[in-house]
file protein19.cif (mmCIF, C-alpha atoms and all ligand atoms)
data_work
#
loop_
_atom_site.label_atom_id
_atom_site.label_comp_id
_atom_site.auth_asym_id
_atom_site.auth_seq_id
_atom_site.Cartn_x
_atom_site.Cartn_y
_atom_site.Cartn_z
CA MET A 44 5.72 4.36 25.77
CA ASN A 45 2.53 2.52 26.82
CA ILE A 46 3.32 -1.18 26.59
CA SER A 47 -0.16 -2.38 27.68
CA PRO A 48 -1.64 -2.76 24.15
CA LEU A 49 1.37 -4.84 23.08
CA LEU A 50 1.07 -7.09 26.14
CA GLN A 51 -2.69 -7.47 25.74
CA ALA A 52 -2.21 -8.49 22.10
CA HIS A 53 0.16 -11.34 23.05
CA ARG A 54 -0.83 -14.80 21.82
CA SER A 55 1.43 -17.80 21.27
CA ILE A 56 1.37 -18.45 17.52
CA ARG A 57 1.47 -22.02 16.22
CA ARG A 58 0.65 -21.51 12.51
CA TYR A 59 2.91 -19.43 10.26
CA LYS A 60 3.03 -18.05 6.72
CA PRO A 61 6.02 -19.30 4.71
CA ASP A 62 7.39 -15.74 4.21
CA ALA A 63 10.95 -15.15 5.40
CA ILE A 64 11.87 -12.56 8.01
CA PRO A 65 14.01 -9.79 6.45
CA PRO A 66 17.57 -10.29 7.84
CA ASP A 67 18.03 -6.61 8.70
CA LEU A 68 14.75 -6.60 10.65
CA LEU A 69 15.86 -9.65 12.63
CA ASP A 70 19.29 -8.13 13.29
CA ARG A 71 17.74 -4.92 14.59
CA VAL A 72 15.20 -6.71 16.80
CA LEU A 73 17.90 -8.90 18.36
CA GLN A 74 20.28 -6.00 18.88
CA ASP A 75 17.53 -3.86 20.48
CA ALA A 76 16.44 -6.74 22.71
CA PHE A 77 20.01 -7.48 23.75
CA ALA A 78 20.69 -3.82 24.56
CA GLY A 79 17.28 -3.32 26.18
CA GLY A 80 17.29 -6.19 28.66
CA SER A 81 19.11 -6.34 31.99
CA SER A 82 22.08 -8.66 32.29
CA SER A 83 23.71 -9.97 35.45
CA GLY A 84 26.92 -7.98 36.05
CA ASN A 85 26.48 -6.92 32.43
CA LEU A 86 28.56 -9.99 31.59
CA ASN A 87 26.08 -10.87 28.81
CA MET A 88 26.60 -14.59 29.36
CA VAL A 89 24.15 -15.62 26.64
CA SER A 90 24.24 -16.66 23.01
CA VAL A 91 21.45 -17.10 20.49
CA VAL A 92 21.65 -19.50 17.55
CA ARG A 93 19.48 -18.69 14.53
CA THR A 94 18.27 -21.69 12.53
CA ARG A 95 16.76 -20.85 9.13
CA ASP A 96 18.01 -23.66 6.92
CA ALA A 97 15.10 -26.03 6.11
CA GLU A 98 17.15 -29.21 6.58
CA ARG A 99 18.53 -28.08 9.90
CA LYS A 100 15.05 -27.03 11.01
CA ARG A 101 13.87 -30.56 10.19
CA ARG A 102 16.33 -31.96 12.72
CA LEU A 103 15.24 -29.39 15.32
CA TYR A 104 11.64 -30.41 14.58
CA GLU A 105 12.54 -33.98 15.58
CA LEU A 106 14.27 -32.76 18.73
CA HIS A 107 11.26 -30.60 19.65
CA PHE A 108 8.96 -33.64 19.76
CA GLU A 109 7.79 -33.07 16.17
CA GLN A 110 5.80 -29.93 16.93
CA PRO A 111 4.71 -28.90 13.40
CA MET A 112 5.34 -25.18 13.91
CA VAL A 113 9.11 -25.83 14.01
CA LEU A 114 8.91 -26.88 10.35
CA GLN A 115 6.43 -24.20 9.37
CA ALA A 116 8.02 -21.11 10.93
CA PRO A 117 10.92 -19.64 8.95
CA LEU A 118 13.11 -19.19 12.02
CA VAL A 119 14.01 -20.95 15.26
CA LEU A 120 15.96 -19.01 17.88
CA THR A 121 17.78 -21.09 20.50
CA PHE A 122 18.76 -19.02 23.54
CA CYS A 123 21.76 -20.43 25.35
CA ALA A 124 23.18 -19.94 28.84
CA ASP A 125 26.79 -19.32 27.88
CA THR A 126 29.67 -18.84 30.30
CA PHE A 127 32.19 -20.29 27.81
CA ARG A 128 33.05 -16.97 26.12
CA THR A 129 33.48 -15.21 29.48
CA ARG A 130 35.72 -18.01 30.75
CA GLU A 131 37.84 -17.79 27.59
CA TRP A 132 38.25 -14.06 28.22
CA LEU A 133 39.21 -14.61 31.86
CA THR A 134 41.76 -17.24 30.83
CA GLN A 135 43.23 -15.04 28.12
CA ARG A 136 43.68 -12.19 30.62
CA GLY A 137 45.16 -14.42 33.33
CA ALA A 138 42.25 -13.67 35.68
CA ARG A 139 40.84 -16.12 38.23
CA LEU A 140 38.44 -18.55 36.60
CA ASN A 141 34.79 -18.87 37.65
CA PHE A 142 31.36 -19.58 36.22
CA ASP A 143 31.72 -23.38 36.09
CA ASN A 144 29.19 -23.94 38.88
CA LEU A 145 25.50 -24.16 39.59
CA ILE A 146 25.11 -20.49 40.50
CA ALA A 147 26.69 -19.52 37.18
CA TRP A 148 24.31 -21.87 35.35
CA HIS A 149 21.38 -20.01 36.92
CA VAL A 150 22.91 -16.57 36.28
CA ALA A 151 23.46 -17.39 32.61
CA ALA A 152 20.13 -19.20 32.21
CA PHE A 153 18.23 -16.26 33.77
CA ASP A 154 20.04 -13.88 31.39
CA ALA A 155 19.06 -16.16 28.49
CA ILE A 156 15.40 -16.18 29.55
CA ILE A 157 15.38 -12.40 30.03
CA PHE A 158 16.89 -12.01 26.55
CA ALA A 159 14.35 -14.44 25.07
CA GLN A 160 11.36 -12.60 26.54
CA THR A 161 12.71 -9.18 25.59
CA THR A 162 13.21 -10.53 22.07
CA ALA A 163 9.65 -11.92 22.13
CA LEU A 164 8.24 -8.47 22.91
CA ALA A 165 10.40 -6.80 20.26
CA LEU A 166 9.27 -9.39 17.67
CA GLU A 167 5.61 -8.92 18.57
CA ALA A 168 6.02 -5.14 18.28
CA GLU A 169 7.02 -5.78 14.63
CA GLY A 170 3.89 -7.88 14.01
CA LEU A 171 5.82 -11.13 14.13
CA GLY A 172 4.48 -14.17 15.98
CA LEU A 173 6.32 -16.61 18.21
CA CYS A 174 5.97 -19.60 20.46
CA TYR A 175 8.32 -20.81 23.18
CA MET A 176 9.56 -24.39 22.91
CA GLY A 177 9.57 -26.01 26.36
CA THR A 178 10.87 -29.14 24.67
CA THR A 179 14.30 -27.44 24.69
CA LEU A 180 14.75 -28.63 28.28
CA HIS A 181 13.87 -32.22 27.38
CA SER A 182 16.27 -32.42 24.39
CA MET A 183 18.99 -30.23 25.83
CA ARG A 184 21.93 -32.53 25.14
CA GLU A 185 20.84 -33.31 21.59
CA ILE A 186 20.16 -29.64 20.77
CA ALA A 187 23.51 -28.61 22.30
CA ASP A 188 25.35 -31.17 20.16
CA PHE A 189 23.38 -30.33 17.02
CA LEU A 190 24.18 -26.61 17.41
CA GLU A 191 27.82 -27.48 18.22
CA LEU A 192 27.73 -25.65 21.55
CA PRO A 193 31.04 -25.58 23.46
CA PRO A 194 31.40 -26.59 27.15
CA ASN A 195 29.78 -24.21 29.66
CA CYS A 196 27.10 -23.42 27.10
CA LEU A 197 23.66 -25.05 27.03
CA PRO A 198 20.29 -24.14 25.52
CA ALA A 199 17.84 -22.63 28.03
CA THR A 200 14.84 -22.04 25.77
CA SER A 201 13.86 -21.61 22.12
CA LEU A 202 11.41 -19.50 20.15
CA VAL A 203 9.88 -20.37 16.80
CA VAL A 204 9.31 -17.12 14.93
CA GLY A 205 7.45 -16.03 11.81
CA TRP A 206 4.53 -14.12 10.34
CA PRO A 207 1.29 -15.30 12.01
CA ASP A 208 -1.17 -17.33 9.95
CA GLU A 209 -3.77 -17.52 12.73
CA ALA A 210 -5.40 -15.16 15.21
CA PRO A 211 -6.11 -17.25 18.30
CA ALA A 212 -8.25 -16.03 21.18
CA GLN A 213 -6.49 -14.67 24.25
CA ARG A 214 -5.68 -17.41 26.78
CA ASP A 215 -6.84 -16.97 30.36
CA ARG A 216 -4.49 -16.54 33.32
CA LEU A 217 -5.03 -17.41 36.96
CA PRO A 218 -6.78 -14.56 38.81
CA THR A 219 -4.60 -11.88 40.43
CA ALA A 220 -5.62 -12.88 43.97
CA ALA A 221 -4.02 -16.30 43.41
CA TRP A 222 -0.50 -15.10 42.70
CA CYS A 223 -0.14 -11.52 43.97
CA HIS A 224 0.78 -11.29 47.67
CA ASP A 225 1.18 -8.25 49.93
CA GLU A 226 4.10 -8.30 52.34
CA VAL A 227 3.94 -12.05 53.04
CA TYR A 228 2.84 -15.12 51.15
CA GLN A 229 -0.85 -16.01 51.57
CA ARG A 230 -1.21 -19.79 51.48
CA PRO A 231 -4.17 -20.98 49.44
CA THR A 232 -7.03 -22.68 51.24
CA PRO A 233 -9.14 -25.48 49.71
CA VAL A 234 -11.85 -22.88 49.03
CA SER A 235 -9.45 -20.44 47.34
CA ILE A 236 -7.98 -23.30 45.26
CA ASP A 237 -11.52 -24.03 44.02
CA GLU A 238 -12.00 -20.36 43.16
CA THR A 239 -8.58 -20.00 41.53
CA PHE A 240 -8.98 -22.94 39.16
CA SER A 241 -12.74 -23.01 38.56
CA GLU A 242 -12.81 -20.98 35.33
CA ARG A 243 -9.75 -22.77 33.96
CA GLU A 244 -11.22 -26.17 34.74
CA VAL A 245 -14.16 -25.37 32.48
CA ARG A 246 -12.34 -23.58 29.64
CA GLY A 247 -9.19 -25.71 29.65
CA TRP A 248 -11.13 -28.95 29.77
CA ALA A 249 -13.33 -27.83 26.86
CA ARG A 250 -10.25 -26.83 24.84
CA TYR A 251 -8.55 -30.20 25.23
CA ARG A 252 -11.79 -32.11 24.59
CA ALA A 253 -12.10 -30.17 21.32
CA LEU A 254 -8.79 -31.53 20.03
CA GLY A 255 -10.49 -34.34 18.10
CA ASP A 256 -12.04 -37.77 18.54
CA GLU A 257 -8.72 -39.60 18.60
CA PHE A 258 -7.35 -37.39 21.39
CA VAL A 259 -10.56 -37.64 23.42
CA ALA A 260 -10.54 -41.44 23.02
CA GLU A 261 -6.97 -41.52 24.35
CA MET A 262 -7.95 -39.32 27.32
CA ASP A 263 -10.82 -41.68 28.06
CA ARG A 264 -8.61 -44.75 27.69
CA LEU A 265 -6.24 -43.29 30.31
CA GLY A 266 -9.20 -42.61 32.63
CA ILE A 267 -8.68 -38.84 32.62
CA THR A 268 -11.79 -37.12 33.98
CA SER A 269 -10.50 -33.66 34.97
CA LEU A 270 -8.10 -30.95 33.83
CA ALA A 271 -5.84 -31.58 36.84
CA GLN A 272 -5.60 -35.27 35.94
CA PHE A 273 -4.85 -34.35 32.34
CA TYR A 274 -1.93 -32.06 33.27
CA THR A 275 0.10 -34.83 34.93
CA SER A 276 -1.08 -37.60 32.61
CA ASP A 277 1.16 -39.22 29.99
CA LEU A 278 -0.47 -36.87 27.45
CA LYS A 279 0.95 -33.71 29.06
CA TYR A 280 3.51 -33.44 31.89
CA ALA A 281 4.12 -37.06 32.89
CA PRO A 282 5.96 -37.19 36.25
CA GLN A 283 8.12 -40.09 35.13
CA ARG A 284 9.41 -38.20 32.08
CA PHE A 285 10.10 -35.13 34.22
CA GLN A 286 11.97 -37.30 36.72
CA GLU A 287 14.03 -39.04 34.04
CA ASP A 288 14.80 -35.80 32.22
CA SER A 289 15.77 -34.16 35.52
CA GLU A 290 18.38 -36.88 36.02
CA LYS A 291 19.61 -36.31 32.46
CA LEU A 292 19.81 -32.57 33.10
CA ARG A 293 21.87 -33.12 36.26
CA ALA A 294 24.28 -35.37 34.35
CA LEU A 295 24.51 -32.89 31.47
CA LEU A 296 25.19 -29.92 33.78
CA ALA A 297 28.03 -31.94 35.32
CA GLU A 298 29.42 -33.06 31.96
CA ARG A 299 29.30 -29.57 30.42
CA GLY A 300 30.99 -27.85 33.33
CA PHE A 301 28.18 -26.37 35.43
CA LEU A 302 28.42 -28.89 38.29
CA PRO A 303 31.43 -30.52 39.92
C1 LIG B 1 8.89 -21.78 28.75
C2 LIG B 1 7.69 -22.04 27.86
C3 LIG B 1 7.65 -23.19 27.10
C4 LIG B 1 6.58 -23.42 26.23
N1 LIG B 1 6.61 -24.53 25.43
C5 LIG B 1 5.62 -24.73 24.52
C6 LIG B 1 5.69 -25.84 23.63
O1 LIG B 1 6.63 -26.64 23.66
N2 LIG B 1 4.67 -25.99 22.74
C7 LIG B 1 3.61 -25.13 22.68
O2 LIG B 1 2.73 -25.32 21.85
N3 LIG B 1 3.54 -24.04 23.50
C8 LIG B 1 4.52 -23.82 24.42
N4 LIG B 1 4.49 -22.72 25.24
C9 LIG B 1 3.40 -21.74 25.10
C10 LIG B 1 2.38 -21.85 26.23
O3 LIG B 1 1.59 -22.99 26.02
C11 LIG B 1 1.55 -20.57 26.21
O4 LIG B 1 2.36 -19.47 26.52
C12 LIG B 1 0.39 -20.63 27.22
O5 LIG B 1 -0.53 -21.65 26.86
C13 LIG B 1 -0.37 -19.32 27.30
O6 LIG B 1 -0.83 -18.95 26.02
P1 LIG B 1 -0.43 -17.54 25.37
O7 LIG B 1 1.07 -17.49 25.28
O8 LIG B 1 -1.09 -17.53 24.00
O9 LIG B 1 -0.97 -16.48 26.26
C14 LIG B 1 5.52 -22.49 26.15
C15 LIG B 1 5.56 -21.34 26.95
C16 LIG B 1 6.63 -21.10 27.79
C17 LIG B 1 6.68 -19.85 28.62
#
call {"tool": "encode", "arguments": {"input": "protein19.cif", "output": "structure tokens"}}
result
Amino acid sequence: MNISPLLQAHRSIRRYKPDAIPPDLLDRVLQDAFAGGSSSGNLNMVSVVRTRDAERKRRLYELHFEQPMVLQAPLVLTFCADTFRTREWLTQRGARLNFDNLIAWHVAAFDAIIFAQTTALALEAEGLGLCYMGTTLHSMREIADFLELPPNCLPATSLVVGWPDEAPAQRDRLPTAAWCHDEVYQRPTPVSIDETFSEREVRGWARYRALGDEFVAEMDRLGITSLAQFYTSDLKYAPQRFQEDSEKLRALLAERGFLP
């Protein structure tokens, strides 16, 4: 029952062997993860769409900003916040309707994330590798349409899954003192910010500078001289794209029945 070795072995995997995942293994992992994760009100307002077909994966690859692992991995799991099924049930039983609002979006999206991470652990326990696809949030409408999701159902996150073909080193995390608070929140000071990020600024910077001459030249062209600058540059999390995609998300939540 000791989960520490499993957690310590976690690495995001971005290179996969072509071997398929046995269908019965996948079924069991998903069923265990679904049964073994908490769910708000036990309403289970989530759905997962399995994409294995090579042609359909090619389209998902485009929607996930052409991250090569989407093509390489034999499976993509798209975890959806789904209040549609519950609302159909309520309608069919003549009960009062609900779950077409922002709270319900969060309830269902949290359930979807809990299910995704429980699935991730169950997959890793079987020796499978995975990587989350944050691009899900930036292509939400297109992914929803491609997977033919009904109203009140939107993708919250995705996992690419397969047998690992790499053994990357463990990635660092911010030190415990930075994020673990007793009783009340301890605001960081300039000195503690320096301490919190110092190791990352060395290792992270070195990792991105090792991505090849072309990438380094682009960093230099954009005048990026630190890890902090890199993170909000056009090469990583550009504020303008986040702003634009936030507007798109708001419009989509309204259109698909999670906002008035
Ligand atoms: C919600 C979420 C979205 C992510 N999206 C991506 C992604 O689009 N591409 C990618 O290569 N890694 C993605 N990752 C993986 C992170 O980069 C990775 O978890 C982090 O660098 C720490 O590395 P580790 O998972 O190996 O410990 C994502 C992780 C999370 C939790």
call {"tool": "residues_around", "arguments": {"input": "protein19.cif", "residues": "stretch 150-154 of chain A", "least_positions_apart": "5", "cutoff": "8 Å", "atoms": "only C-alpha atoms", "output": "JSON, numbers by chain"}}
result
{"A": [81, 82, 83, 87, 88, 89, 123, 124, 125, 126, 199]}
call {"tool": "residues_near_ligand", "arguments": {"input": "protein19.cif", "ligand": "ligand LIG 1 (chain B)", "cutoff": "12 Å", "atoms": "all atoms listed in the file", "output": "PyMOL selection string"}}
result
chain A and resi 50-58+104+106-113+122+153+155-157+159-160+163-164+167+172-182+199-203+209-217+243+247+250-251+279-280
call {"tool": "write_last_selection", "arguments": {"input": "protein19.cif", "atoms": "C-alpha atoms", "output": "CSV table (one decimal), keeping the file's coordinate frame"}}
result
chain,number,residue,atom,x,y,z
A,50,LEU,CA,1.1,-7.1,26.1
A,51,GLN,CA,-2.7,-7.5,25.7
A,52,ALA,CA,-2.2,-8.5,22.1
A,53,HIS,CA,0.2,-11.3,23.0
A,54,ARG,CA,-0.8,-14.8,21.8
A,55,SER,CA,1.4,-17.8,21.3
A,56,ILE,CA,1.4,-18.4,17.5
A,57,ARG,CA,1.5,-22.0,16.2
A,58,ARG,CA,0.6,-21.5,12.5
A,104,TYR,CA,11.6,-30.4,14.6
A,106,LEU,CA,14.3,-32.8,18.7
A,107,HIS,CA,11.3,-30.6,19.6
A,108,PHE,CA,9.0,-33.6,19.8
A,109,GLU,CA,7.8,-33.1,16.2
A,110,GLN,CA,5.8,-29.9,16.9
A,111,PRO,CA,4.7,-28.9,13.4
A,112,MET,CA,5.3,-25.2,13.9
A,113,VAL,CA,9.1,-25.8,14.0
A,122,PHE,CA,18.8,-19.0,23.5
A,153,PHE,CA,18.2,-16.3,33.8
A,155,ALA,CA,19.1,-16.2,28.5
A,156,ILE,CA,15.4,-16.2,29.6
A,157,ILE,CA,15.4,-12.4,30.0
A,159,ALA,CA,14.4,-14.4,25.1
A,160,GLN,CA,11.4,-12.6,26.5
A,163,ALA,CA,9.6,-11.9,22.1
A,164,LEU,CA,8.2,-8.5,22.9
A,167,GLU,CA,5.6,-8.9,18.6
A,172,GLY,CA,4.5,-14.2,16.0
A,173,LEU,CA,6.3,-16.6,18.2
A,174,CYS,CA,6.0,-19.6,20.5
A,175,TYR,CA,8.3,-20.8,23.2
A,176,MET,CA,9.6,-24.4,22.9
A,177,GLY,CA,9.6,-26.0,26.4
A,178,THR,CA,10.9,-29.1,24.7
A,179,THR,CA,14.3,-27.4,24.7
A,180,LEU,CA,14.8,-28.6,28.3
A,181,HIS,CA,13.9,-32.2,27.4
A,182,SER,CA,16.3,-32.4,24.4
A,199,ALA,CA,17.8,-22.6,28.0
A,200,THR,CA,14.8,-22.0,25.8
A,201,SER,CA,13.9,-21.6,22.1
A,202,LEU,CA,11.4,-19.5,20.2
A,203,VAL,CA,9.9,-20.4,16.8
A,209,GLU,CA,-3.8,-17.5,12.7
A,210,ALA,CA,-5.4,-15.2,15.2
A,211,PRO,CA,-6.1,-17.2,18.3
A,212,ALA,CA,-8.2,-16.0,21.2
A,213,GLN,CA,-6.5,-14.7,24.2
A,214,ARG,CA,-5.7,-17.4,26.8
A,215,ASP,CA,-6.8,-17.0,30.4
A,216,ARG,CA,-4.5,-16.5,33.3
A,217,LEU,CA,-5.0,-17.4,37.0
A,243,ARG,CA,-9.8,-22.8,34.0
A,247,GLY,CA,-9.2,-25.7,29.6
A,250,ARG,CA,-10.2,-26.8,24.8
A,251,TYR,CA,-8.6,-30.2,25.2
A,279,LYS,CA,1.0,-33.7,29.1
A,280,TYR,CA,3.5,-33.4,31.9
call {"tool": "residues_around", "arguments": {"input": "protein19.cif", "residues": "A:Leu302", "least_positions_apart": "5", "cutoff": "7 Å", "atoms": "all atoms listed in the file", "output": "VMD selection string"}}
result
chain A and resid 143 to 145 296 to 297
call {"tool": "closest_residue", "arguments": {"input": "protein19.cif", "among": "A:Val92, A:Gln135, A:Arg284, A:Trp248", "to": "A:Pro198", "atoms": "only C-alpha atoms"}}
result
A:Val92
call {"tool": "closest_residue", "arguments": {"input": "protein19.cif", "among": "A:Arg93, A:Phe301, A:Asn195, A:Ser241", "to": "A:Asp70", "atoms": "only C-alpha atoms"}}
result
A:Arg93
call {"tool": "atom_distance", "arguments": {"input": "protein19.cif", "atom1": "atom CA of A:Pro117", "atom2": "atom CA of A:Ala78"}}
result
24.3 Å
call {"tool": "closest_residue", "arguments": {"input": "protein19.cif", "among": "A:Phe273, A:Trp132, A:Phe77, A:Phe258", "to": "A:Phe158", "atoms": "all atoms listed in the file"}}
result
A:Phe77
call {"tool": "closest_residue", "arguments": {"input": "protein19.cif", "among": "A:Leu86, A:Lys291, A:Ala271, A:Arg264", "to": "A:Asp237", "atoms": "only C-alpha atoms"}}
result
A:Ala271
call {"tool": "atom_distance", "arguments": {"input": "protein19.cif", "atom1": "atom CA of A:Leu140", "atom2": "atom CA of A:Glu191"}}
result
23.0 Å
call {"tool": "decode", "arguments": {"input": "protein19.cif", "residues": "stretch 247-257 of chain A", "atoms": "all heavy atoms", "output": "mmCIF file, in the first residue's frame"}}
result
data_model
loop_
_atom_site.group_PDB
_atom_site.id
_atom_site.type_symbol
_atom_site.label_atom_id
_atom_site.label_comp_id
_atom_site.auth_asym_id
_atom_site.auth_seq_id
_atom_site.Cartn_x
_atom_site.Cartn_y
_atom_site.Cartn_z
ATOM 1 N N GLY A 247 16.640 24.914 -15.175
ATOM 2 C CA GLY A 247 15.656 25.152 -16.240
ATOM 3 C C GLY A 247 16.272 25.893 -17.411
ATOM 4 O O GLY A 247 16.049 25.563 -18.567
ATOM 5 N N TRP A 248 17.063 26.899 -17.092
ATOM 6 C CA TRP A 248 17.720 27.683 -18.139
ATOM 7 C C TRP A 248 18.638 26.770 -18.972
ATOM 8 O O TRP A 248 18.611 26.797 -20.207
ATOM 9 C CB TRP A 248 18.514 28.828 -17.501
ATOM 10 C CG TRP A 248 19.184 29.736 -18.491
ATOM 11 C CD1 TRP A 248 20.524 29.852 -18.705
ATOM 12 C CD2 TRP A 248 18.557 30.657 -19.397
ATOM 13 N NE1 TRP A 248 20.773 30.776 -19.675
ATOM 14 C CE2 TRP A 248 19.582 31.296 -20.125
ATOM 15 C CE3 TRP A 248 17.227 30.996 -19.664
ATOM 16 C CZ2 TRP A 248 19.328 32.250 -21.102
ATOM 17 C CZ3 TRP A 248 16.976 31.957 -20.645
ATOM 18 C CH2 TRP A 248 18.009 32.572 -21.345
ATOM 19 N N ALA A 249 19.417 25.938 -18.264
ATOM 20 C CA ALA A 249 20.333 25.026 -18.977
ATOM 21 C C ALA A 249 19.543 24.063 -19.867
ATOM 22 O O ALA A 249 19.952 23.773 -21.000
ATOM 23 C CB ALA A 249 21.170 24.243 -17.964
ATOM 24 N N ARG A 250 18.390 23.601 -19.371
ATOM 25 C CA ARG A 250 17.604 22.641 -20.158
ATOM 26 C C ARG A 250 17.083 23.285 -21.446
ATOM 27 O O ARG A 250 17.179 22.698 -22.518
ATOM 28 C CB ARG A 250 16.436 22.114 -19.316
ATOM 29 C CG ARG A 250 15.895 20.786 -19.816
ATOM 30 C CD ARG A 250 14.753 20.219 -19.006
ATOM 31 N NE ARG A 250 13.661 21.150 -18.866
ATOM 32 C CZ ARG A 250 13.383 21.825 -17.752
ATOM 33 N NH1 ARG A 250 14.119 21.646 -16.677
ATOM 34 N NH2 ARG A 250 12.387 22.672 -17.700
ATOM 35 N N TYR A 251 16.575 24.495 -21.343
ATOM 36 C CA TYR A 251 16.047 25.137 -22.553
ATOM 37 C C TYR A 251 17.174 25.547 -23.504
ATOM 38 O O TYR A 251 17.011 25.482 -24.721
ATOM 39 C CB TYR A 251 15.163 26.343 -22.182
ATOM 40 C CG TYR A 251 13.824 25.904 -21.622
ATOM 41 C CD1 TYR A 251 13.467 26.206 -20.318
ATOM 42 C CD2 TYR A 251 12.945 25.161 -22.407
ATOM 43 C CE1 TYR A 251 12.246 25.774 -19.807
ATOM 44 C CE2 TYR A 251 11.727 24.736 -21.894
ATOM 45 C CZ TYR A 251 11.383 25.045 -20.598
ATOM 46 O OH TYR A 251 10.180 24.617 -20.091
ATOM 47 N N ARG A 252 18.332 25.923 -22.955
ATOM 48 C CA ARG A 252 19.456 26.305 -23.822
ATOM 49 C C ARG A 252 20.034 25.083 -24.530
ATOM 50 O O ARG A 252 20.762 25.218 -25.511
ATOM 51 C CB ARG A 252 20.569 26.980 -23.014
ATOM 52 C CG ARG A 252 20.168 28.280 -22.348
ATOM 53 C CD ARG A 252 19.774 29.380 -23.296
ATOM 54 N NE ARG A 252 20.876 30.063 -23.949
ATOM 55 C CZ ARG A 252 20.732 31.134 -24.741
ATOM 56 N NH1 ARG A 252 19.523 31.645 -24.962
ATOM 57 N NH2 ARG A 252 21.769 31.695 -25.318
ATOM 58 N N ALA A 253 19.708 23.874 -24.007
ATOM 59 C CA ALA A 253 20.226 22.654 -24.640
ATOM 60 C C ALA A 253 19.291 22.145 -25.743
ATOM 61 O O ALA A 253 19.518 21.076 -26.313
ATOM 62 C CB ALA A 253 20.431 21.571 -23.575
ATOM 63 N N LEU A 254 18.252 22.909 -26.057
ATOM 64 C CA LEU A 254 17.269 22.417 -27.034
ATOM 65 C C LEU A 254 17.721 22.578 -28.486
ATOM 66 O O LEU A 254 16.986 22.260 -29.407
ATOM 67 C CB LEU A 254 15.916 23.125 -26.827
ATOM 68 C CG LEU A 254 15.110 22.653 -25.616
ATOM 69 C CD1 LEU A 254 13.795 23.412 -25.505
ATOM 70 C CD2 LEU A 254 14.837 21.149 -25.662
ATOM 71 N N GLY A 255 18.918 23.088 -28.690
ATOM 72 C CA GLY A 255 19.438 23.174 -30.068
ATOM 73 C C GLY A 255 19.721 24.597 -30.498
ATOM 74 O O GLY A 255 19.143 25.547 -29.961
ATOM 75 N N ASP A 256 20.608 24.709 -31.495
ATOM 76 C CA ASP A 256 21.079 26.031 -31.951
ATOM 77 C C ASP A 256 19.936 26.917 -32.433
ATOM 78 O O ASP A 256 19.899 28.111 -32.152
ATOM 79 C CB ASP A 256 22.096 25.863 -33.084
ATOM 80 C CG ASP A 256 23.382 25.233 -32.572
ATOM 81 O OD1 ASP A 256 23.556 25.196 -31.337
ATOM 82 O OD2 ASP A 256 24.185 24.758 -33.395
ATOM 83 N N GLU A 257 19.000 26.293 -33.171
ATOM 84 C CA GLU A 257 17.901 27.072 -33.741
ATOM 85 C C GLU A 257 17.060 27.721 -32.622
ATOM 86 O O GLU A 257 16.696 28.898 -32.694
ATOM 87 C CB GLU A 257 17.016 26.140 -34.561
ATOM 88 C CG GLU A 257 16.460 26.760 -35.833
ATOM 89 C CD GLU A 257 15.729 25.704 -36.647
ATOM 90 O OE1 GLU A 257 16.398 24.788 -37.183
ATOM 91 O OE2 GLU A 257 14.503 25.780 -36.696
#
